[in-house]
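A.B. asks: This one is input_33.txt, compact mmCIF, C-alpha atoms and all ligand atoms.
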```txt
# COMPACT_ATOMS: atom_id res chain seq x y z
CA MET G 590 95.02 115.14 89.46
CA ASN G 591 98.37 115.52 91.21
CA PRO G 592 101.34 114.78 88.95
CA MET G 593 103.04 111.39 89.01
CA ARG G 594 106.82 111.14 89.25
CA LEU G 595 108.59 108.65 86.98
CA PHE G 596 111.77 107.12 88.38
CA VAL G 597 113.66 104.94 85.93
CA ASN G 598 115.67 102.01 87.22
CA VAL G 599 118.95 101.72 85.26
CA ASP G 600 120.16 98.40 86.79
CA HIS G 601 119.80 96.65 83.41
CA VAL G 602 122.35 98.97 81.84
CA ALA G 603 124.83 97.71 84.42
CA THR G 604 123.68 94.14 83.76
CA VAL G 605 124.82 94.47 80.13
CA ARG G 606 128.16 95.90 81.29
CA GLU G 607 128.65 93.01 83.70
CA ALA G 608 127.97 90.50 80.91
CA ARG G 609 131.48 91.35 79.70
CA LYS G 610 132.97 92.74 82.94
CA THR G 611 134.03 95.83 81.02
CA ASP G 612 133.24 99.54 81.37
CA GLU G 613 130.37 99.87 78.91
CA PRO G 614 127.54 100.62 78.85
CA ASP G 615 127.92 102.91 81.85
CA PRO G 616 124.76 103.33 83.95
CA VAL G 617 126.01 106.76 85.02
CA ARG G 618 126.13 107.99 81.43
CA ALA G 619 122.80 106.30 80.80
CA ALA G 620 121.30 108.22 83.71
CA VAL G 621 122.10 111.51 81.93
CA LEU G 622 120.04 110.39 78.92
CA VAL G 623 117.24 109.20 81.20
CA GLU G 624 117.16 112.68 82.74
CA LEU G 625 117.16 114.31 79.30
CA GLY G 626 114.21 112.08 78.41
CA GLY G 627 112.27 113.74 81.22
CA ALA G 628 112.46 111.26 84.11
CA ASP G 629 111.93 112.72 87.57
CA GLY G 630 114.54 110.52 89.19
CA ILE G 631 116.90 107.58 88.88
CA THR G 632 116.64 104.30 90.80
CA VAL G 633 119.39 101.73 91.33
CA HIS G 634 119.53 98.60 93.45
CA LEU G 635 122.93 97.96 94.98
CA ARG G 636 122.72 94.24 95.65
CA GLU G 637 124.83 92.42 98.18
CA ASP G 638 126.43 90.33 95.37
CA ARG G 639 127.04 93.47 93.20
CA ARG G 640 125.70 91.54 90.23
CA HIS G 641 124.93 94.74 88.29
CA ILE G 642 125.25 98.10 90.03
CA ARG G 643 128.58 98.66 91.77
CA ASP G 644 129.57 100.98 94.59
CA ARG G 645 131.35 103.22 92.05
CA ASP G 646 128.10 103.71 90.14
CA VAL G 647 126.20 104.82 93.23
CA ARG G 648 129.00 107.19 94.20
CA LEU G 649 129.09 108.83 90.77
CA LEU G 650 125.31 108.99 90.52
CA ALA G 651 125.06 110.65 93.92
CA GLU G 652 127.63 113.20 92.79
CA THR G 653 126.38 113.93 89.28
CA LEU G 654 122.60 113.45 89.04
CA ARG G 655 120.43 116.51 88.46
CA THR G 656 117.35 114.60 89.62
CA PRO G 657 116.80 112.67 92.88
CA LEU G 658 118.50 109.31 93.42
CA ASN G 659 116.42 106.49 94.88
CA LEU G 660 118.72 103.78 96.25
CA GLU G 661 117.19 100.34 96.74
CA LEU G 662 118.90 98.31 99.41
CA ALA G 663 118.40 95.32 101.68
CA SER G 664 120.03 95.12 105.10
CA ALA G 665 123.73 94.50 104.38
CA PRO G 666 125.77 96.70 106.76
CA ASP G 667 128.29 97.88 104.11
CA ILE G 668 125.49 99.02 101.78
CA LEU G 669 123.69 100.79 104.59
CA GLY G 670 127.00 102.49 105.43
CA LEU G 671 127.39 103.65 101.83
CA ALA G 672 123.83 105.03 101.85
CA LEU G 673 124.52 106.97 105.02
CA GLU G 674 127.70 108.37 103.51
CA LEU G 675 126.26 109.30 100.11
CA GLN G 676 122.89 110.60 101.34
CA PRO G 677 120.65 109.69 98.39
CA HIS G 678 117.38 111.60 98.17
CA GLN G 679 115.55 108.40 99.11
CA ALA G 680 116.31 104.85 100.18
CA THR G 681 113.85 102.07 99.40
CA VAL G 682 114.26 98.98 101.56
CA VAL G 683 113.63 95.78 99.58
CA PRO G 684 113.89 92.05 100.31
CA GLU G 685 116.81 90.32 98.66
CA ARG G 686 117.61 86.69 98.00
CA ARG G 687 120.84 85.68 96.33
CA ASP G 688 119.27 83.19 93.92
CA GLU G 689 116.40 85.41 92.74
CA ILE G 690 116.46 86.86 89.21
CA THR G 691 114.80 90.04 90.43
CA THR G 692 113.00 91.22 93.58
CA GLU G 693 110.15 88.76 93.98
CA GLY G 694 107.74 90.52 96.29
CA GLY G 695 107.33 92.95 99.14
CA LEU G 696 109.02 92.78 102.54
CA HIS G 697 107.49 90.11 104.80
CA LEU G 698 106.94 92.44 107.72
CA ALA G 699 104.64 89.92 109.41
CA ASP G 700 107.70 87.77 110.04
CA PRO G 701 109.24 88.99 113.32
CA SER G 702 112.88 88.51 112.30
CA THR G 703 112.39 90.32 108.95
CA ARG G 704 110.55 93.10 110.73
CA ALA G 705 113.32 93.50 113.31
CA ARG G 706 115.98 93.61 110.57
CA VAL G 707 114.04 96.13 108.51
CA GLU G 708 113.37 98.25 111.58
CA GLN G 709 117.10 98.47 112.29
CA VAL G 710 117.72 99.72 108.74
CA VAL G 711 114.83 102.20 108.99
CA VAL G 712 116.12 103.61 112.27
CA ALA G 713 119.66 104.02 110.86
CA LEU G 714 118.33 105.74 107.71
CA ARG G 715 116.09 108.03 109.77
CA GLU G 716 118.98 108.97 112.05
CA GLY G 717 121.02 109.61 108.90
CA GLY G 718 118.34 112.01 107.65
CA ILE G 719 117.43 109.91 104.58
CA ARG G 720 113.83 109.75 103.37
CA THR G 721 112.81 106.09 103.57
CA SER G 722 110.37 103.97 101.62
CA LEU G 723 109.52 100.29 102.18
CA PHE G 724 108.70 97.95 99.29
CA VAL G 725 105.57 96.10 100.38
CA ASP G 726 102.78 93.99 98.95
CA PRO G 727 99.50 95.90 98.58
CA ASP G 728 97.96 94.54 101.80
CA GLU G 729 96.54 96.14 104.91
CA GLU G 730 98.87 94.31 107.29
CA ALA G 731 102.02 95.40 105.44
CA LEU G 732 100.81 99.00 105.23
CA ARG G 733 100.06 99.12 108.94
CA ALA G 734 103.47 97.64 109.77
CA ALA G 735 105.19 100.21 107.53
CA ALA G 736 103.25 103.09 109.09
CA SER G 737 104.17 101.88 112.57
CA MET G 738 107.85 102.20 111.60
CA LYS G 739 107.25 105.87 110.77
CA VAL G 740 108.72 105.72 107.29
CA GLU G 741 107.85 108.49 104.85
CA ALA G 742 106.64 106.22 102.03
CA VAL G 743 105.81 102.76 100.78
CA GLU G 744 106.28 101.34 97.31
CA LEU G 745 103.47 98.95 96.42
CA HIS G 746 104.60 95.80 94.63
CA THR G 747 102.78 95.72 91.29
CA GLY G 748 104.15 92.31 90.25
CA GLU G 749 100.92 90.40 90.84
CA TYR G 750 99.07 92.96 88.70
CA ALA G 751 101.72 92.71 85.98
CA ASN G 752 101.58 88.89 86.00
CA ALA G 753 97.77 88.67 85.87
CA HIS G 754 96.70 86.11 83.28
CA SER G 755 93.24 87.49 82.57
CA ALA G 756 91.59 90.88 82.27
CA ALA G 757 89.40 90.05 85.27
CA GLU G 758 92.43 89.22 87.41
CA ALA G 759 94.20 92.41 86.26
CA ASP G 760 91.11 94.44 87.24
CA ARG G 761 91.05 92.74 90.63
CA GLN G 762 94.73 93.57 91.18
CA VAL G 763 94.26 97.21 90.12
CA GLU G 764 91.45 97.48 92.66
CA ARG G 765 93.74 95.99 95.29
CA LEU G 766 96.41 98.58 94.41
CA ARG G 767 93.83 101.39 94.47
CA ARG G 768 92.51 100.38 97.90
CA SER G 769 96.05 100.06 99.23
CA ALA G 770 97.03 103.46 97.87
CA ILE G 771 94.02 105.04 99.60
CA ARG G 772 94.79 103.16 102.83
CA GLY G 773 98.45 104.18 102.67
CA ARG G 774 97.48 107.85 102.36
CA GLU G 775 95.06 107.45 105.31
CA LEU G 776 97.96 106.09 107.35
CA GLY G 777 100.01 109.19 106.48
CA LEU G 778 102.30 107.51 103.97
CA ASP G 779 103.34 108.69 100.53
CA VAL G 780 102.56 105.85 98.14
CA HIS G 781 104.72 104.74 95.22
CA ALA G 782 104.43 101.64 93.03
CA GLY G 783 106.53 99.49 90.79
CA HIS G 784 107.70 96.17 89.40
CA GLY G 785 106.72 94.65 86.09
CA LEU G 786 105.12 97.84 84.72
CA THR G 787 105.27 98.16 80.93
CA TYR G 788 104.07 100.45 78.12
CA GLU G 789 101.11 98.10 77.78
CA ASN G 790 100.01 97.84 81.40
CA VAL G 791 101.05 101.13 83.06
CA THR G 792 97.89 103.18 82.38
CA PRO G 793 95.49 101.71 84.98
CA VAL G 794 98.15 102.01 87.70
CA ALA G 795 99.19 105.53 86.65
CA SER G 796 95.50 106.52 86.85
CA ILE G 797 95.30 105.86 90.61
CA PRO G 798 95.21 109.39 92.05
CA GLU G 799 96.72 108.49 95.43
CA LEU G 800 99.91 107.15 93.84
CA GLU G 801 102.72 109.70 93.45
CA GLU G 802 105.70 107.85 92.07
CA LEU G 803 106.36 104.91 89.75
CA ASN G 804 109.61 102.92 89.49
CA ILE G 805 110.07 101.31 86.11
CA GLY G 806 113.17 99.53 84.83
CA HIS G 807 112.97 96.47 82.59
CA SER G 808 110.42 97.72 80.09
CA VAL G 809 112.02 101.13 79.57
CA ILE G 810 115.55 99.76 79.18
CA SER G 811 114.25 97.05 76.82
CA ARG G 812 112.60 99.64 74.58
CA ALA G 813 115.71 101.80 74.79
CA VAL G 814 117.71 99.06 73.08
CA LEU G 815 115.48 99.62 70.05
CA VAL G 816 114.67 103.35 70.09
CA GLY G 817 117.22 104.92 72.41
CA LEU G 818 116.96 105.91 76.07
CA GLU G 819 115.70 109.45 75.71
CA ARG G 820 112.83 108.39 73.47
CA ALA G 821 111.96 105.35 75.60
CA VAL G 822 111.74 107.50 78.74
CA ALA G 823 109.79 110.25 76.97
CA GLU G 824 107.24 107.72 75.67
CA MET G 825 106.68 106.29 79.15
CA GLY G 826 106.42 109.81 80.58
CA LEU G 827 103.76 110.67 78.00
CA LEU G 828 101.68 107.57 78.83
CA ILE G 829 101.78 108.47 82.51
CA ARG G 830 100.78 112.10 81.91
CA GLU G 831 97.92 110.98 79.67
CA ALA G 832 96.73 108.59 82.39
CA ARG G 833 96.79 111.42 84.95
CA ARG G 834 94.63 113.54 82.62
CA GLY G 835 92.16 110.66 82.26
CA GLU G 836 93.15 110.22 78.62
CA GLY G 837 94.74 106.81 79.01
CA ARG G 838 94.15 104.19 76.36
N1 LIG G 901 110.65 98.56 92.35
C1 LIG G 901 111.47 97.71 93.01
C2 LIG G 901 111.46 97.74 94.50
C3 LIG G 901 112.33 96.85 92.32
O1 LIG G 901 113.14 96.03 93.01
C4 LIG G 901 112.34 96.86 90.91
C5 LIG G 901 113.25 95.96 90.14
O2 LIG G 901 114.55 96.27 90.41
C6 LIG G 901 111.47 97.77 90.27
C7 LIG G 901 110.62 98.58 91.00
C8 LIG G 901 111.43 97.86 88.77
O3 LIG G 901 110.89 96.71 88.25
P1 LIG G 901 110.94 96.45 86.68
O4 LIG G 901 112.38 96.33 86.29
O5 LIG G 901 110.16 95.20 86.51
O6 LIG G 901 110.28 97.65 86.04
```
Take the structure in the file and write it out as structure tokens.
C.D. replies:
Amino acid sequence: MNPMRLFVNVDHVATVREARKTDEPDPVRAAVLVELGGADGITVHLREDRRHIRDRDVRLLAETLRTPLNLELASAPDILGLALELQPHQATVVPERRDEITTEGGLHLADPSTRARVEQVVVALREGGIRTSLFVDPDEEALRAAASMKVEAVELHTGEYANAHSAAEADRQVERLRRSAIRGRELGLDVHAGHGLTYENVTPVASIPELEELNIGHSVISRAVLVGLERAVAEMGLLIREARRGEGR
């Protein structure tokens, strides 16, 4: 099976820093340890309210990372401008609401005003030469809309899978993700996935051959508080590699 890339989202490191409005822990330093733990890339979400990651973090990450930077962004003009200036390896367009605790779902591309706004961002990123991914729910309509915008990739929202309250519902959601991954590939898209993935639930998703990249934040940073970042990343990397070899538990 093709390998799966693990991108680790370090937003939570910045969240701890912002709890005291000080300079530690530094997500840029944390990113070095994430890389040493074997991650294939680093993800950050620069939110309009700068509640965790700040412009300075993205600048330093763009300058110092040894692995690709995946910048999550909504449609704020200043953030788009920063992306165009810093040229991350990849930009992932996500929905954003000020009062949400975290991203709550995929882009509502069926809504004409959302679609128009996202399309403007996609065009600007394409003209800026930045590989673009759209965070979408695992549904046919969203995949077709993303493909029609000629983006390189989609990231399937795995939140409904992660929140499943029964084994049967989890199985149903994995099937939905599998079908969407196959459909995305048919439409010429690279297919990523993320949100709510943990050490306990990652294996069925990591076993979907058509998926190429996972974005995981909360669970890895939570474990890192107990065992350290390098070990937390290495343990997640091992689970994903085992799943790819069909050895998942
Ligand atoms: N993918 C996207 C688009 C996200 O917005 C987030 C959360 O920032 C993640 C993946 C990671 O989710 P989690 O922190 O639940 O692993």
A.B. asks: Just to confirm, what's the straight-line distance from CA of Gly835 in chain G to CA of Ala756 in chain G in Å (one decimal)?
C.D. replies: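 Those two atoms sit 19.8 Å apart.
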A.B. asks: Just the residues within 7 Å of Val683 in chain G, please, counting all atoms listed in the file, with nothing from its chain fewer than 5 positions along; format it as a list in words.
C.D. replies: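 Close residues of Val683 in chain G: Glu661, Leu662, Ala663, Gly695, Leu696, Leu723 and Phe724 of chain G.
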A.B. asks: Can you spit out the residues from that selection as an mmCIF file, in the frame of the given file, using C-alpha atoms?
C.D. replies:
```cif
data_model
loop_
_atom_site.group_PDB
_atom_site.id
_atom_site.type_symbol
_atom_site.label_atom_id
_atom_site.label_comp_id
_atom_site.auth_asym_id
_atom_site.auth_seq_id
_atom_site.Cartn_x
_atom_site.Cartn_y
_atom_site.Cartn_z
ATOM 1 C CA GLU G 661 117.190 100.340 96.740
ATOM 2 C CA LEU G 662 118.900 98.310 99.410
ATOM 3 C CA ALA G 663 118.400 95.320 101.680
ATOM 4 C CA GLY G 695 107.330 92.950 99.140
ATOM 5 C CA LEU G 696 109.020 92.780 102.540
ATOM 6 C CA LEU G 723 109.520 100.290 102.180
ATOM 7 C CA PHE G 724 108.700 97.950 99.290
#
```
A.B. asks: So which residues touch Val599 in chain G within 7 Å, counting all atoms listed in the file, skipping near sequence neighbours fewer than 6 positions away, as a PDB file with C-alpha atoms, in the coordinates of the input?
C.D. replies:
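The resulting selection.pdb:
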```
ATOM      1  CA  PRO G 616     124.760 103.330  83.950  1.00  0.00           C
ATOM      2  CA  THR G 632     116.640 104.300  90.800  1.00  0.00           C
ATOM      3  CA  VAL G 633     119.390 101.730  91.330  1.00  0.00           C
ATOM      4  CA  GLY G 806     113.170  99.530  84.830  1.00  0.00           C
TER       5      GLY G 806
END
```
A.B. asks: Using only C-alpha atoms, which protein or nucleic acid residues come within 9 Å of range 622-630 of chain G? Drop anything in the same chain fewer than 6 positions from it, and give the result as a PyMOL selection string.
C.D. replies: chain G and resi 594-599+654-659+817-824+826
A.B. asks: So that I have them on file, write out the residues from the current selection with C-alpha atoms, as a PDB file, in the frame of the given file.
C.D. replies:
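This went into part-v8.pdb:
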```pdb
ATOM      1  CA  ARG G 594     106.820 111.140  89.250  1.00  0.00           C
ATOM      2  CA  LEU G 595     108.590 108.650  86.980  1.00  0.00           C
ATOM      3  CA  PHE G 596     111.770 107.120  88.380  1.00  0.00           C
ATOM      4  CA  VAL G 597     113.660 104.940  85.930  1.00  0.00           C
ATOM      5  CA  ASN G 598     115.670 102.010  87.220  1.00  0.00           C
ATOM      6  CA  VAL G 599     118.950 101.720  85.260  1.00  0.00           C
ATOM      7  CA  LEU G 654     122.600 113.450  89.040  1.00  0.00           C
ATOM      8  CA  ARG G 655     120.430 116.510  88.460  1.00  0.00           C
ATOM      9  CA  THR G 656     117.350 114.600  89.620  1.00  0.00           C
ATOM     10  CA  PRO G 657     116.800 112.670  92.880  1.00  0.00           C
ATOM     11  CA  LEU G 658     118.500 109.310  93.420  1.00  0.00           C
ATOM     12  CA  ASN G 659     116.420 106.490  94.880  1.00  0.00           C
ATOM     13  CA  GLY G 817     117.220 104.920  72.410  1.00  0.00           C
ATOM     14  CA  LEU G 818     116.960 105.910  76.070  1.00  0.00           C
ATOM     15  CA  GLU G 819     115.700 109.450  75.710  1.00  0.00           C
ATOM     16  CA  ARG G 820     112.830 108.390  73.470  1.00  0.00           C
ATOM     17  CA  ALA G 821     111.960 105.350  75.600  1.00  0.00           C
ATOM     18  CA  VAL G 822     111.740 107.500  78.740  1.00  0.00           C
ATOM     19  CA  ALA G 823     109.790 110.250  76.970  1.00  0.00           C
ATOM     20  CA  GLU G 824     107.240 107.720  75.670  1.00  0.00           C
ATOM     21  CA  GLY G 826     106.420 109.810  80.580  1.00  0.00           C
TER      22      GLY G 826
END
```
A.B. asks: Have a look at G:Arg643, G:His697, G:Arg706, G:His781 and name the one nearest to Thr681 in chain G; count only C-alpha atoms.
C.D. replies: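 Smallest distance to Thr681 in chain G is found for G:His781.
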A.B. asks: Please return as a PyMOL selection string the residues found within 8 Å of ligand LIG 901 (chain G), counting all atoms listed in the file.
C.D. replies: chain G and resi 597-598+600-601+633-634+661+681-683+691-693+695+724+744+746+748+782-787+803-809
A.B. asks: Looking at only C-alpha atoms, which of G:Gln679, G:Thr747, G:Ser722, G:Asn752 is the one that sits closest to Glu764 in chain G?
C.D. replies: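 Between G:Gln679, G:Thr747, G:Ser722, G:Asn752, the residue approaching Glu764 in chain G most closely is G:Thr747.
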A.B. asks: From the set G:Leu776, G:Leu650, G:Ile642, G:Ala680, which residue has the shortest atom-to-atom contact distance to Arg715 in chain G, counting only C-alpha atoms?
C.D. replies: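 Closest to Arg715 in chain G of all the choices is G:Ala680.
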A.B. asks: Could you tell me which of G:Thr721, G:Val794, G:Glu836, G:Val816 comes closest to Met593 in chain G if we count only C-alpha atoms?
C.D. replies: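 Ranking G:Thr721, G:Val794, G:Glu836, G:Val816 by distance to Met593 in chain G, first place goes to G:Val794.
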A.B. asks: Quick one: 3 Å padding each side, axis-aligned, all listed atoms of range 816-835 of chain G - centre and edge lengths in Å to one decimal, as lines of an AutoDock Vina configuration file?
C.D. replies:
```
center_x = 104.7
center_y = 108.4
center_z = 77.5
size_x = 31.1
size_y = 16.2
size_z = 20.9
```
A.B. asks: Which neighbours of Val617 in chain G fall inside 7 Å, counting only C-alpha atoms, when residues of the same chain fewer than 4 positions from it are skipped, and could you give them as a VMD selection string?
C.D. replies: chain G and resid 621 646 649 to 650
A.B. asks: Which is closest to Ile719 in chain G among G:Leu660, G:Leu732, G:Val743, G:Ile668, if we use only C-alpha atoms?
C.D. replies: G:Leu660
